[in-house]
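Undergrad: Next up, my_file-v8.cif (mmCIF, N, CA and C atoms and all ligand atoms).
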data_structure
#
loop_
_atom_site.label_atom_id
_atom_site.label_comp_id
_atom_site.auth_asym_id
_atom_site.auth_seq_id
_atom_site.Cartn_x
_atom_site.Cartn_y
_atom_site.Cartn_z
N MET A 1388 247.16 -15.58 -63.40
CA MET A 1388 248.31 -15.42 -64.30
C MET A 1388 248.12 -14.18 -65.18
N GLY A 1389 249.15 -13.40 -65.30
CA GLY A 1389 249.08 -12.19 -66.12
C GLY A 1389 249.09 -12.51 -67.60
N LYS A 1390 248.84 -11.49 -68.38
CA LYS A 1390 248.77 -11.64 -69.83
C LYS A 1390 249.81 -10.70 -70.45
N ILE A 1391 250.35 -11.11 -71.59
CA ILE A 1391 251.26 -10.23 -72.33
C ILE A 1391 250.48 -9.50 -73.41
N TRP A 1392 250.63 -8.20 -73.42
CA TRP A 1392 250.02 -7.38 -74.47
C TRP A 1392 251.12 -6.91 -75.41
N VAL A 1393 250.87 -7.06 -76.70
CA VAL A 1393 251.79 -6.48 -77.69
C VAL A 1393 250.98 -5.43 -78.44
N LEU A 1394 251.35 -4.17 -78.27
CA LEU A 1394 250.61 -3.08 -78.91
C LEU A 1394 251.48 -2.39 -79.95
N HIS A 1395 250.98 -2.38 -81.17
CA HIS A 1395 251.68 -1.71 -82.27
C HIS A 1395 250.96 -0.40 -82.59
N GLY A 1396 251.73 0.66 -82.72
CA GLY A 1396 251.15 1.97 -83.01
C GLY A 1396 250.99 2.25 -84.50
N PRO A 1397 250.92 3.54 -84.84
CA PRO A 1397 250.50 3.96 -86.18
C PRO A 1397 251.46 3.56 -87.29
N ASN A 1398 250.86 3.22 -88.41
CA ASN A 1398 251.54 2.90 -89.67
C ASN A 1398 252.22 1.52 -89.67
N LEU A 1399 252.19 0.85 -88.53
CA LEU A 1399 252.86 -0.46 -88.48
C LEU A 1399 252.03 -1.54 -89.18
N ASN A 1400 250.76 -1.24 -89.45
CA ASN A 1400 249.94 -2.16 -90.27
C ASN A 1400 250.49 -2.26 -91.69
N LEU A 1401 251.31 -1.29 -92.09
CA LEU A 1401 251.84 -1.28 -93.47
C LEU A 1401 253.18 -1.98 -93.60
N LEU A 1402 253.64 -2.61 -92.52
CA LEU A 1402 254.95 -3.30 -92.59
C LEU A 1402 254.96 -4.28 -93.74
N GLY A 1403 256.12 -4.38 -94.37
CA GLY A 1403 256.24 -5.25 -95.54
C GLY A 1403 256.36 -4.39 -96.78
N ARG A 1404 255.46 -3.37 -96.85
CA ARG A 1404 255.57 -2.45 -98.00
C ARG A 1404 255.96 -1.04 -97.58
N ARG A 1405 256.03 -0.79 -96.27
CA ARG A 1405 256.40 0.54 -95.78
C ARG A 1405 257.93 0.64 -95.65
N GLU A 1406 258.55 1.48 -96.44
CA GLU A 1406 259.99 1.73 -96.35
C GLU A 1406 260.78 0.47 -95.94
N PRO A 1407 260.78 -0.56 -96.80
CA PRO A 1407 261.43 -1.82 -96.42
C PRO A 1407 262.93 -1.68 -96.12
N ASP A 1408 263.57 -0.64 -96.66
CA ASP A 1408 264.99 -0.42 -96.34
C ASP A 1408 265.17 -0.10 -94.85
N LYS A 1409 264.14 0.47 -94.24
CA LYS A 1409 264.24 0.81 -92.81
C LYS A 1409 263.57 -0.23 -91.91
N TYR A 1410 262.45 -0.77 -92.38
CA TYR A 1410 261.64 -1.62 -91.50
C TYR A 1410 261.61 -3.09 -91.91
N GLY A 1411 262.32 -3.43 -93.01
CA GLY A 1411 262.37 -4.83 -93.43
C GLY A 1411 261.15 -5.23 -94.26
N THR A 1412 261.11 -6.49 -94.63
CA THR A 1412 260.05 -6.97 -95.54
C THR A 1412 259.03 -7.84 -94.82
N GLN A 1413 259.28 -8.13 -93.56
CA GLN A 1413 258.31 -8.92 -92.79
C GLN A 1413 257.02 -8.13 -92.61
N THR A 1414 255.88 -8.78 -92.80
CA THR A 1414 254.62 -8.09 -92.57
C THR A 1414 254.28 -8.15 -91.07
N LEU A 1415 253.32 -7.31 -90.67
CA LEU A 1415 252.92 -7.32 -89.26
C LEU A 1415 252.31 -8.67 -88.90
N ASP A 1416 251.57 -9.24 -89.83
CA ASP A 1416 250.98 -10.56 -89.61
C ASP A 1416 252.04 -11.62 -89.33
N GLU A 1417 253.10 -11.57 -90.09
CA GLU A 1417 254.20 -12.55 -89.90
C GLU A 1417 254.85 -12.37 -88.54
N ILE A 1418 255.10 -11.11 -88.17
CA ILE A 1418 255.70 -10.84 -86.85
C ILE A 1418 254.76 -11.35 -85.76
N ASN A 1419 253.47 -11.02 -85.90
CA ASN A 1419 252.50 -11.41 -84.88
C ASN A 1419 252.38 -12.92 -84.74
N LYS A 1420 252.39 -13.61 -85.87
CA LYS A 1420 252.27 -15.09 -85.83
C LYS A 1420 253.38 -15.70 -85.00
N GLU A 1421 254.60 -15.20 -85.18
CA GLU A 1421 255.75 -15.73 -84.42
C GLU A 1421 255.55 -15.48 -82.92
N LEU A 1422 255.06 -14.27 -82.60
CA LEU A 1422 254.88 -13.92 -81.19
C LEU A 1422 253.80 -14.78 -80.55
N LEU A 1423 252.69 -14.95 -81.28
CA LEU A 1423 251.57 -15.75 -80.77
C LEU A 1423 252.03 -17.19 -80.54
N HIS A 1424 252.78 -17.72 -81.51
CA HIS A 1424 253.25 -19.11 -81.41
C HIS A 1424 254.15 -19.29 -80.18
N LYS A 1425 255.06 -18.34 -80.01
CA LYS A 1425 256.00 -18.43 -78.89
C LYS A 1425 255.26 -18.38 -77.54
N ALA A 1426 254.30 -17.48 -77.43
CA ALA A 1426 253.57 -17.34 -76.16
C ALA A 1426 252.69 -18.57 -75.91
N TYR A 1427 252.01 -19.07 -76.97
CA TYR A 1427 251.16 -20.25 -76.81
C TYR A 1427 252.01 -21.43 -76.35
N THR A 1428 253.18 -21.60 -76.98
CA THR A 1428 254.07 -22.71 -76.61
C THR A 1428 254.47 -22.61 -75.14
N ALA A 1429 254.67 -21.39 -74.67
CA ALA A 1429 255.05 -21.19 -73.27
C ALA A 1429 253.83 -21.25 -72.34
N GLY A 1430 252.65 -21.30 -72.91
CA GLY A 1430 251.43 -21.38 -72.10
C GLY A 1430 251.06 -20.07 -71.43
N ILE A 1431 251.47 -18.97 -72.02
CA ILE A 1431 251.17 -17.65 -71.43
C ILE A 1431 250.18 -16.91 -72.34
N PRO A 1432 249.09 -16.39 -71.76
CA PRO A 1432 248.12 -15.65 -72.57
C PRO A 1432 248.74 -14.39 -73.20
N ILE A 1433 248.33 -14.13 -74.42
CA ILE A 1433 248.88 -12.99 -75.15
C ILE A 1433 247.77 -12.31 -75.94
N GLN A 1434 247.81 -11.00 -76.01
CA GLN A 1434 246.88 -10.24 -76.86
C GLN A 1434 247.70 -9.27 -77.70
N VAL A 1435 247.46 -9.30 -79.01
CA VAL A 1435 248.24 -8.48 -79.93
C VAL A 1435 247.30 -7.54 -80.68
N GLU A 1436 247.60 -6.24 -80.68
CA GLU A 1436 246.73 -5.26 -81.33
C GLU A 1436 247.56 -4.22 -82.07
N GLN A 1437 246.95 -3.65 -83.09
CA GLN A 1437 247.57 -2.51 -83.80
C GLN A 1437 246.50 -1.44 -83.98
N THR A 1438 246.90 -0.18 -83.86
CA THR A 1438 245.95 0.90 -84.13
C THR A 1438 246.67 2.13 -84.69
N ASN A 1439 245.90 2.89 -85.46
CA ASN A 1439 246.39 4.18 -85.94
C ASN A 1439 245.78 5.33 -85.13
N PHE A 1440 245.05 4.97 -84.05
CA PHE A 1440 244.34 5.97 -83.24
C PHE A 1440 244.90 5.97 -81.81
N GLU A 1441 245.43 7.09 -81.41
CA GLU A 1441 246.10 7.18 -80.11
C GLU A 1441 245.18 6.81 -78.95
N GLY A 1442 243.93 7.30 -79.02
CA GLY A 1442 242.97 7.03 -77.94
C GLY A 1442 242.70 5.53 -77.78
N GLU A 1443 242.68 4.83 -78.90
CA GLU A 1443 242.42 3.39 -78.85
C GLU A 1443 243.58 2.67 -78.13
N LEU A 1444 244.79 3.09 -78.45
CA LEU A 1444 245.96 2.50 -77.78
C LEU A 1444 245.88 2.76 -76.27
N ILE A 1445 245.51 3.98 -75.93
CA ILE A 1445 245.42 4.35 -74.51
C ILE A 1445 244.35 3.51 -73.80
N GLN A 1446 243.22 3.28 -74.48
CA GLN A 1446 242.15 2.45 -73.87
C GLN A 1446 242.65 1.04 -73.58
N TRP A 1447 243.44 0.47 -74.52
CA TRP A 1447 243.98 -0.88 -74.27
C TRP A 1447 244.90 -0.87 -73.06
N ILE A 1448 245.73 0.17 -72.97
CA ILE A 1448 246.65 0.25 -71.81
C ILE A 1448 245.83 0.35 -70.51
N HIS A 1449 244.75 1.14 -70.53
CA HIS A 1449 243.91 1.28 -69.33
C HIS A 1449 243.27 -0.05 -68.93
N SER A 1450 243.04 -0.92 -69.92
CA SER A 1450 242.34 -2.16 -69.58
C SER A 1450 243.30 -3.25 -69.07
N MET A 1451 244.57 -2.93 -68.96
CA MET A 1451 245.53 -3.93 -68.50
C MET A 1451 245.40 -4.19 -67.01
N GLY A 1452 245.63 -5.46 -66.63
CA GLY A 1452 245.56 -5.85 -65.23
C GLY A 1452 246.91 -5.68 -64.54
N PRO A 1453 246.91 -5.76 -63.20
CA PRO A 1453 248.14 -5.50 -62.44
C PRO A 1453 249.26 -6.52 -62.70
N ASP A 1454 248.90 -7.73 -63.17
CA ASP A 1454 249.94 -8.75 -63.42
C ASP A 1454 250.33 -8.84 -64.89
N ASP A 1455 249.80 -7.94 -65.70
CA ASP A 1455 250.08 -8.00 -67.14
C ASP A 1455 251.44 -7.38 -67.46
N PHE A 1456 251.87 -7.61 -68.69
CA PHE A 1456 253.16 -7.08 -69.15
C PHE A 1456 252.95 -6.47 -70.54
N LEU A 1457 253.51 -5.31 -70.77
CA LEU A 1457 253.29 -4.60 -72.03
C LEU A 1457 254.55 -4.57 -72.89
N ILE A 1458 254.38 -4.99 -74.15
CA ILE A 1458 255.42 -4.79 -75.17
C ILE A 1458 254.83 -3.80 -76.16
N ILE A 1459 255.48 -2.66 -76.31
CA ILE A 1459 254.86 -1.61 -77.11
C ILE A 1459 255.82 -1.02 -78.13
N ASN A 1460 255.34 -0.96 -79.37
CA ASN A 1460 256.04 -0.16 -80.39
C ASN A 1460 255.12 1.03 -80.67
N PRO A 1461 255.39 2.17 -80.05
CA PRO A 1461 254.47 3.30 -80.20
C PRO A 1461 254.62 4.04 -81.53
N GLY A 1462 255.48 3.55 -82.45
CA GLY A 1462 255.67 4.24 -83.73
C GLY A 1462 256.08 5.68 -83.48
N ALA A 1463 255.55 6.59 -84.27
CA ALA A 1463 255.94 8.01 -84.12
C ALA A 1463 255.48 8.60 -82.79
N TRP A 1464 254.48 8.00 -82.13
CA TRP A 1464 254.05 8.52 -80.82
C TRP A 1464 255.18 8.44 -79.80
N THR A 1465 256.13 7.52 -80.05
CA THR A 1465 257.33 7.40 -79.20
C THR A 1465 257.93 8.76 -78.88
N HIS A 1466 257.95 9.60 -79.91
CA HIS A 1466 258.77 10.80 -79.83
C HIS A 1466 258.07 11.99 -79.19
N TYR A 1467 256.74 11.89 -79.00
CA TYR A 1467 256.07 13.09 -78.45
C TYR A 1467 254.80 12.82 -77.64
N SER A 1468 254.39 11.55 -77.51
CA SER A 1468 253.08 11.36 -76.86
C SER A 1468 253.16 11.24 -75.33
N TYR A 1469 252.96 12.37 -74.66
CA TYR A 1469 252.88 12.33 -73.20
C TYR A 1469 251.64 11.58 -72.76
N ALA A 1470 250.62 11.53 -73.63
CA ALA A 1470 249.39 10.82 -73.26
C ALA A 1470 249.64 9.32 -73.16
N VAL A 1471 250.42 8.77 -74.10
CA VAL A 1471 250.74 7.33 -74.03
C VAL A 1471 251.63 7.08 -72.82
N ARG A 1472 252.60 7.95 -72.61
CA ARG A 1472 253.48 7.81 -71.45
C ARG A 1472 252.67 7.82 -70.14
N ASP A 1473 251.76 8.79 -70.02
CA ASP A 1473 250.95 8.89 -68.80
C ASP A 1473 250.05 7.67 -68.62
N ALA A 1474 249.58 7.11 -69.73
CA ALA A 1474 248.74 5.91 -69.63
C ALA A 1474 249.53 4.77 -68.99
N ILE A 1475 250.80 4.62 -69.40
CA ILE A 1475 251.64 3.54 -68.85
C ILE A 1475 251.88 3.76 -67.36
N THR A 1476 252.18 4.99 -66.97
CA THR A 1476 252.43 5.23 -65.54
C THR A 1476 251.12 5.13 -64.74
N SER A 1477 249.99 5.43 -65.38
CA SER A 1477 248.71 5.37 -64.67
C SER A 1477 248.37 3.95 -64.24
N VAL A 1478 248.67 2.97 -65.12
CA VAL A 1478 248.31 1.58 -64.77
C VAL A 1478 249.48 0.83 -64.14
N GLN A 1479 250.65 1.45 -64.16
CA GLN A 1479 251.84 0.88 -63.51
C GLN A 1479 252.14 -0.55 -63.88
N VAL A 1480 252.09 -0.84 -65.20
CA VAL A 1480 252.47 -2.18 -65.64
C VAL A 1480 253.90 -2.11 -66.17
N PRO A 1481 254.64 -3.24 -66.02
CA PRO A 1481 255.98 -3.23 -66.61
C PRO A 1481 255.88 -3.22 -68.13
N ALA A 1482 256.75 -2.45 -68.78
CA ALA A 1482 256.66 -2.30 -70.23
C ALA A 1482 258.05 -2.32 -70.86
N ILE A 1483 258.10 -2.84 -72.07
CA ILE A 1483 259.33 -2.73 -72.89
C ILE A 1483 258.94 -2.00 -74.17
N GLU A 1484 259.74 -1.01 -74.53
CA GLU A 1484 259.52 -0.28 -75.78
C GLU A 1484 260.36 -0.95 -76.86
N VAL A 1485 259.74 -1.25 -77.99
CA VAL A 1485 260.50 -1.88 -79.08
C VAL A 1485 260.39 -1.07 -80.36
N HIS A 1486 261.45 -1.16 -81.15
CA HIS A 1486 261.48 -0.55 -82.48
C HIS A 1486 262.17 -1.49 -83.45
N LEU A 1487 261.65 -1.53 -84.66
CA LEU A 1487 262.29 -2.32 -85.71
C LEU A 1487 263.61 -1.68 -86.13
N SER A 1488 263.55 -0.36 -86.35
CA SER A 1488 264.75 0.37 -86.78
C SER A 1488 265.49 0.89 -85.55
N ASN A 1489 266.76 1.26 -85.76
CA ASN A 1489 267.53 1.83 -84.66
C ASN A 1489 267.23 3.33 -84.60
N ILE A 1490 266.36 3.72 -83.69
CA ILE A 1490 265.91 5.12 -83.65
C ILE A 1490 267.05 6.07 -83.29
N HIS A 1491 268.13 5.51 -82.73
CA HIS A 1491 269.26 6.37 -82.33
C HIS A 1491 270.21 6.64 -83.49
N ALA A 1492 269.98 5.96 -84.61
CA ALA A 1492 270.87 6.13 -85.77
C ALA A 1492 270.14 6.82 -86.91
N ARG A 1493 269.02 7.47 -86.60
CA ARG A 1493 268.21 8.08 -87.66
C ARG A 1493 268.11 9.60 -87.45
N GLU A 1494 267.00 10.20 -87.89
CA GLU A 1494 266.86 11.65 -87.75
C GLU A 1494 266.89 12.05 -86.26
N GLU A 1495 267.28 13.32 -86.01
CA GLU A 1495 267.40 13.81 -84.64
C GLU A 1495 266.10 13.59 -83.84
N PHE A 1496 264.95 13.90 -84.46
CA PHE A 1496 263.70 13.84 -83.69
C PHE A 1496 263.39 12.42 -83.21
N ARG A 1497 263.94 11.41 -83.91
CA ARG A 1497 263.66 10.02 -83.50
C ARG A 1497 264.52 9.57 -82.33
N LYS A 1498 265.58 10.34 -82.03
CA LYS A 1498 266.50 9.91 -80.97
C LYS A 1498 265.88 10.10 -79.59
N THR A 1499 264.84 10.95 -79.50
CA THR A 1499 264.17 11.15 -78.22
C THR A 1499 262.97 10.23 -78.12
N SER A 1500 262.90 9.52 -76.99
CA SER A 1500 261.68 8.77 -76.68
C SER A 1500 261.12 9.30 -75.37
N VAL A 1501 259.86 9.74 -75.39
CA VAL A 1501 259.24 10.17 -74.14
C VAL A 1501 258.63 8.97 -73.41
N ILE A 1502 258.65 7.81 -74.07
CA ILE A 1502 258.07 6.59 -73.48
C ILE A 1502 259.12 5.77 -72.72
N ALA A 1503 260.34 5.71 -73.27
CA ALA A 1503 261.38 4.85 -72.69
C ALA A 1503 261.61 5.08 -71.18
N PRO A 1504 261.57 6.33 -70.69
CA PRO A 1504 261.83 6.53 -69.26
C PRO A 1504 260.79 5.86 -68.34
N VAL A 1505 259.63 5.49 -68.86
CA VAL A 1505 258.64 4.82 -68.00
C VAL A 1505 258.58 3.31 -68.32
N CYS A 1506 259.56 2.83 -69.06
CA CYS A 1506 259.64 1.40 -69.38
C CYS A 1506 260.81 0.77 -68.64
N CYS A 1507 260.80 -0.59 -68.53
CA CYS A 1507 261.97 -1.27 -67.95
C CYS A 1507 263.14 -1.17 -68.92
N GLY A 1508 262.86 -1.15 -70.21
CA GLY A 1508 263.94 -1.10 -71.17
C GLY A 1508 263.45 -0.83 -72.57
N GLN A 1509 264.41 -0.70 -73.47
CA GLN A 1509 264.09 -0.40 -74.87
C GLN A 1509 264.93 -1.32 -75.75
N ILE A 1510 264.31 -1.92 -76.78
CA ILE A 1510 265.05 -2.73 -77.76
C ILE A 1510 264.79 -2.10 -79.12
N SER A 1511 265.87 -1.70 -79.79
CA SER A 1511 265.72 -0.90 -80.99
C SER A 1511 266.71 -1.34 -82.05
N GLY A 1512 266.22 -1.55 -83.27
CA GLY A 1512 267.15 -1.76 -84.38
C GLY A 1512 267.33 -3.20 -84.82
N LEU A 1513 266.61 -4.13 -84.22
CA LEU A 1513 266.84 -5.54 -84.53
C LEU A 1513 265.72 -6.14 -85.39
N GLY A 1514 264.96 -5.28 -86.06
CA GLY A 1514 263.86 -5.76 -86.90
C GLY A 1514 262.84 -6.54 -86.06
N GLY A 1515 262.27 -7.59 -86.65
CA GLY A 1515 261.27 -8.40 -85.93
C GLY A 1515 261.83 -9.01 -84.66
N LYS A 1516 263.15 -9.19 -84.61
CA LYS A 1516 263.81 -9.76 -83.42
C LYS A 1516 263.64 -8.86 -82.20
N SER A 1517 263.47 -7.56 -82.43
CA SER A 1517 263.26 -6.65 -81.29
C SER A 1517 262.05 -7.12 -80.49
N TYR A 1518 260.99 -7.52 -81.21
CA TYR A 1518 259.78 -8.00 -80.53
C TYR A 1518 260.02 -9.34 -79.85
N SER A 1519 260.70 -10.26 -80.56
CA SER A 1519 260.79 -11.60 -79.98
C SER A 1519 261.72 -11.60 -78.77
N LEU A 1520 262.74 -10.74 -78.76
CA LEU A 1520 263.59 -10.64 -77.57
C LEU A 1520 262.82 -10.02 -76.41
N ALA A 1521 261.98 -9.04 -76.71
CA ALA A 1521 261.15 -8.44 -75.66
C ALA A 1521 260.19 -9.50 -75.10
N LEU A 1522 259.68 -10.34 -76.00
CA LEU A 1522 258.75 -11.39 -75.55
C LEU A 1522 259.47 -12.40 -74.66
N ASP A 1523 260.72 -12.75 -75.00
CA ASP A 1523 261.49 -13.66 -74.14
C ASP A 1523 261.55 -13.11 -72.72
N TYR A 1524 261.83 -11.82 -72.62
CA TYR A 1524 261.96 -11.18 -71.30
C TYR A 1524 260.61 -11.22 -70.57
N ALA A 1525 259.55 -10.87 -71.30
CA ALA A 1525 258.21 -10.82 -70.68
C ALA A 1525 257.78 -12.22 -70.23
N LEU A 1526 258.06 -13.24 -71.03
CA LEU A 1526 257.67 -14.61 -70.67
C LEU A 1526 258.40 -15.03 -69.40
N GLU A 1527 259.66 -14.68 -69.32
CA GLU A 1527 260.43 -15.02 -68.12
C GLU A 1527 259.85 -14.29 -66.91
N ALA A 1528 259.55 -13.02 -67.10
CA ALA A 1528 259.01 -12.22 -65.99
C ALA A 1528 257.69 -12.80 -65.50
N LEU A 1529 256.82 -13.20 -66.43
CA LEU A 1529 255.49 -13.70 -66.03
C LEU A 1529 255.57 -15.11 -65.44
N THR A 1530 256.49 -15.94 -65.93
CA THR A 1530 256.54 -17.30 -65.40
C THR A 1530 257.21 -17.32 -64.02
N GLN A 1531 257.95 -16.26 -63.70
CA GLN A 1531 258.58 -16.21 -62.37
C GLN A 1531 257.62 -15.69 -61.31
N LYS A 1532 256.47 -15.15 -61.74
CA LYS A 1532 255.54 -14.54 -60.77
C LYS A 1532 254.78 -15.58 -59.96
C1 LIG A 1601 259.48 2.83 -85.36
C2 LIG A 1601 260.40 4.07 -85.34
C3 LIG A 1601 259.58 5.34 -85.30
O1 LIG A 1601 260.43 6.47 -85.33
C4 LIG A 1601 258.66 5.43 -86.52
O2 LIG A 1601 257.85 6.57 -86.43
C5 LIG A 1601 257.83 4.19 -86.67
C6 LIG A 1601 258.48 2.90 -86.50
C7 LIG A 1601 260.27 1.52 -85.50
O3 LIG A 1601 259.72 0.48 -85.17
O4 LIG A 1601 261.42 1.54 -85.96
O5 LIG A 1601 256.65 4.25 -87.01
O6 LIG A 1601 258.77 2.79 -84.13
#
Before anything else, please render the file you have as structure tokens.
TA:
Amino acid sequence: MGKIWVLHGPNLNLLGRREPDKYGTQTLDEINKELLHKAYTAGIPIQVEQTNFEGELIQWIHSMGPDDFLIINPGAWTHYSYAVRDAITSVQVPAIEVHLSNIHAREEFRKTSVIAPVCCGQISGLGGKSYSLALDYALEALTQK
């Protein structure tokens, strides 16, 4: 059975106090608890990580197995990290890109994602719900395997 990975990129450890008008007041811990609970209830293994170091994120992606599923909020790396994009295509795991804020309704530079083209889809702008909807999809995908 595959595992679901939820990887949070830079600055997301500060959720709750980081620009709450854009990212809401939920802390990363609160978001993670909901995700862990949902996956445990469904009986699907889940691993949740956050890092401010690009190489560390890439190492986690490299360690993914062929039946795993990736839910990723790459933070600002979304907009320019070809290294994160290449890591996803290198391991060929299905991935969903998520964002708390609607990146298409913000500054111009945020409207481009170099990651989305190598993902099955993108969920953006629904706050913590962006993650839980991505998890619903991943749980369905893994239980159908
Ligand atoms: C974000 C959007 C990015 O543009 C930003 O750099 C983040 C958070 C989001 O979840 O809305 O760090 O990924």
Undergrad: Padding 3 Å on every side, please: axis-aligned box over the listed atoms of ligand LIG 1601 (chain A), centre and edge lengths to one decimal in Å, as lines of an AutoDock Vina configuration file.
TA:
center_x = 259.0
center_y = 3.5
center_z = -85.6
size_x = 10.8
size_y = 12.1
size_z = 8.9
Undergrad: Name all residues at most 6.5 Å from Asn1439 of chain A (count all atoms listed in the file; drop same-chain ones fewer than 4 positions away) and give them as JSON, numbers by chain.
TA: {"A": [1396, 1397, 1398]}
Undergrad: Using only N, CA and C atoms and all ligand atoms, which residues have at least one atom no more than 5 Å from ligand LIG 1601 (chain A)? Output them as number ranges by chain.
TA: A: 1462-1463, 1486-1488
Undergrad: Counting all atoms listed in the file, which residues have an atom no more than 6 Å from (244.5, -16.0, -71.4) in the file's coordinates? Please list them as a ChimeraX atom specification.
TA: /A:1431-1433
Undergrad: I'd like the neighbourhood of Ile1490 of chain A as a ChimeraX atom specification, where a residue qualifies if any of its atoms comes within 8 Å (using all atoms listed in the file), though same-chain residues fewer than 5 positions away should be ignored.
TA: /A:1495-1499,1510-1513
Undergrad: Show which residues sit within 8 Å of Trp1464 of chain A, as a list of chain:residue names. Count only N, CA and C atoms, and ignore same-chain residues fewer than 3 positions away.
TA: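 Surrounding residues, per the criterion: A:Gly1396, A:Pro1397, A:Asn1460, A:Pro1461, A:Tyr1467, A:Ser1468, A:Tyr1469, A:Val1471, A:Arg1472, A:Ser1500, A:Val1501, A:Ile1502.
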Undergrad: Could you tell me which of A:Thr1438, A:Gln1531, A:Ser1450, A:Gln1509 comes closest to Ala1482 of chain A if we count only C-alpha atoms?
TA: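 Of A:Thr1438, A:Gln1531, A:Ser1450, A:Gln1509, the one nearest Ala1482 of chain A, counting only C-alpha atoms, is A:Gln1509.
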Undergrad: Would you tabulate, counting only C-alpha atoms, all residues of segment 1432-1456 of chain A that have an atom at most 12 Å from an atom of segment 1404-1418 of chain A, showing the closest pair of atoms and their distance in Å to one decimal, sorted by chain then ascending number, as a tab-separated table?
TA:
residue	atom	partner	partner_atom	distance
A:Val1435	CA	A:Asp1416	CA	10.3
A:Glu1436	CA	A:Leu1415	CA	10.3
A:Gln1437	CA	A:Leu1415	CA	9.0
A:Thr1438	CA	A:Leu1415	CA	11.9
Undergrad: Let's have the selection written as an mmCIF file, in the coordinates of the input, with N, CA and C atoms.
TA:
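What follows is the written file again-v6.cif:
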data_model
loop_
_atom_site.group_PDB
_atom_site.id
_atom_site.type_symbol
_atom_site.label_atom_id
_atom_site.label_comp_id
_atom_site.auth_asym_id
_atom_site.auth_seq_id
_atom_site.Cartn_x
_atom_site.Cartn_y
_atom_site.Cartn_z
ATOM 1 N N VAL A 1435 247.460 -9.300 -79.010
ATOM 2 C CA VAL A 1435 248.240 -8.480 -79.930
ATOM 3 C C VAL A 1435 247.300 -7.540 -80.680
ATOM 4 N N GLU A 1436 247.600 -6.240 -80.680
ATOM 5 C CA GLU A 1436 246.730 -5.260 -81.330
ATOM 6 C C GLU A 1436 247.560 -4.220 -82.070
ATOM 7 N N GLN A 1437 246.950 -3.650 -83.090
ATOM 8 C CA GLN A 1437 247.570 -2.510 -83.800
ATOM 9 C C GLN A 1437 246.500 -1.440 -83.980
ATOM 10 N N THR A 1438 246.900 -0.180 -83.860
ATOM 11 C CA THR A 1438 245.950 0.900 -84.130
ATOM 12 C C THR A 1438 246.670 2.130 -84.690
#
Undergrad: Please, which residues of chain A, numbered as in this document, come out helix (DSSP H, G or I) from DSSP, as a ChimeraX atom specification?
TA: /A:1399-1401,1407-1410,1415-1429,1441-1449,1462-1466,1469-1478,1490-1492,1495-1498,1503-1505,1515-1530
Undergrad: At what distance in Å, to one decimal, does atom C of Ala1426 of chain A lie from atom CA of Leu1526 of chain A?
TA: 8.2 Å
